[in-house]
Amino acid sequence: MSNLSDKQILARLGAGESIVSICEAAGFSRNEFNQWWNRLCTSRVPNPSGISSQAVKAKVEIERDDRGIPHIYAGNDEDLYFGFGYAMAQDRLFQLDFLRRKAAGRLSEILGTDGLERDTIARIVGLRRIAEAEWDRLGTETRTLLEAFSAGVNAHLEEARGNLPIEFDLLEYEPEPWSPIDCVAIESEFR
């Protein structure tokens, strides 16, 4: 039993405190810390089977091969993109949020001064404004598919609340809901 909660330990790790110091504060040996870490990381891995069916029109299946790569099957494009967003959020929720923040010039909110230079560039260039203007020019089908993808990300995000990827606890924040413009902003940043 630890003297610190999981969230307290993760926050201290995220702040750069040494494992030795955390072990002392928590009353752990290094071996107990390693066991705690493995158990915690394993508990944060999303269930690879099943999908929220609330927002789909027909059956959507996400099958993972022996390497964990998702293969998504759906009866229509919107459901396919919903499944794509859901699977991507299962595998890469923190990366998605990081890229969204990078494009919007909001990294310093989670990284402090380490994110200021990138934020300044993103805001001067206006990547989020570019994405918003580009959204207005997208065709109906593209908008519909980006909305379905976003709904899939948000479905997984809601299911994962309270058991988010460990990076969120290390940095002490929770991601906001996903929007289709986030997709366009990330694409703009890559350009």
# chains A, B, ... in the order shown; residues from 1 in each chain; ligands from 1
call {"tool": "residues_around", "arguments": {"residues": "segment 116-130 of chain A", "least_positions_apart": "3", "cutoff": "10 Å", "atoms": "only C-alpha atoms", "output": "VMD selection string"}}
result
chain A and resid 100 to 109 111 to 113 133 to 135 181 to 182 184 to 189
call {"tool": "closest_atom_pairs", "arguments": {"of": "segment 16-122 of chain A", "to": "segment 156-170 of chain A", "cutoff": "12 Å", "atoms": "only C-alpha atoms", "output": "CSV"}}
result
residue,atom,partner,partner_atom,distance
A:Gly16,CA,A:Leu170,CA,9.6
A:Glu17,CA,A:Leu170,CA,11.2
A:Trp37,CA,A:Ile166,CA,10.3
A:Asn38,CA,A:Ile166,CA,11.6
A:Arg39,CA,A:Ile166,CA,11.8
A:Leu40,CA,A:Ile166,CA,8.4
A:Cys41,CA,A:Ile166,CA,7.0
A:Thr42,CA,A:Ile166,CA,10.1
A:Ser43,CA,A:Asn163,CA,7.9
A:Arg44,CA,A:Pro165,CA,5.8
A:Val45,CA,A:Pro165,CA,7.4
A:Pro46,CA,A:Ala160,CA,7.7
A:Asn47,CA,A:Ala160,CA,10.0
A:Pro48,CA,A:His156,CA,11.2
A:Gly50,CA,A:His156,CA,10.7
A:Ile51,CA,A:His156,CA,8.3
A:Ser52,CA,A:His156,CA,7.8
A:Ser53,CA,A:His156,CA,11.1
A:Gln54,CA,A:His156,CA,11.5
A:Ala55,CA,A:His156,CA,11.5
A:Phe82,CA,A:His156,CA,10.2
A:Gly83,CA,A:His156,CA,9.9
A:Phe84,CA,A:His156,CA,11.0
A:Gly85,CA,A:His156,CA,8.4
A:Tyr86,CA,A:His156,CA,5.6
A:Ala87,CA,A:His156,CA,8.1
A:Met88,CA,A:His156,CA,9.2
A:Ala89,CA,A:His156,CA,6.3
A:Gln90,CA,A:His156,CA,6.6
A:Asp91,CA,A:Pro165,CA,9.3
A:Arg92,CA,A:Pro165,CA,8.8
A:Leu93,CA,A:Pro165,CA,7.3
A:Phe94,CA,A:Glu167,CA,6.7
A:Gln95,CA,A:Glu167,CA,9.5
A:Leu96,CA,A:Leu157,CA,11.4
A:Asp97,CA,A:Phe168,CA,9.8
A:Phe98,CA,A:Glu167,CA,10.3
A:Ile110,CA,A:Phe168,CA,9.4
A:Leu111,CA,A:Leu170,CA,10.9
call {"tool": "select_by_dssp", "arguments": {"residues": "segment 3-123 of chain A", "states": "strand (DSSP E)", "output": "list in words"}}
result
Val60, Glu61, Ile62, Glu63, Arg64, Pro70, His71, Ile72, Tyr73 and Ala74 of chain A
call {"tool": "atom_distance", "arguments": {"atom1": "atom CA of Ser179 of chain A", "atom2": "atom CA of Asp77 of chain A"}}
result
18.3 Å
call {"tool": "atom_distance", "arguments": {"atom1": "atom CA of Arg30 of chain A", "atom2": "atom CA of Leu171 of chain A"}}
result
22.6 Å
call {"tool": "select_by_dssp", "arguments": {"residues": "chain A", "states": "helix (DSSP H, G or I)", "output": "count of residues only"}}
result
125
call {"tool": "closest_residue", "arguments": {"among": "A:Asp66, A:Asp79, A:Glu24, A:Glu61", "to": "Glu147 of chain A", "atoms": "only C-alpha atoms"}}
result
A:Asp79
call {"tool": "atom_distance", "arguments": {"atom1": "atom CA of Tyr81 of chain A", "atom2": "atom CA of Leu146 of chain A"}}
result
7.5 Å
call {"tool": "closest_residue", "arguments": {"among": "A:Tyr173, A:Phe190, A:Phe28, A:Phe149", "to": "Glu78 of chain A", "atoms": "only C-alpha atoms"}}
result
A:Phe149
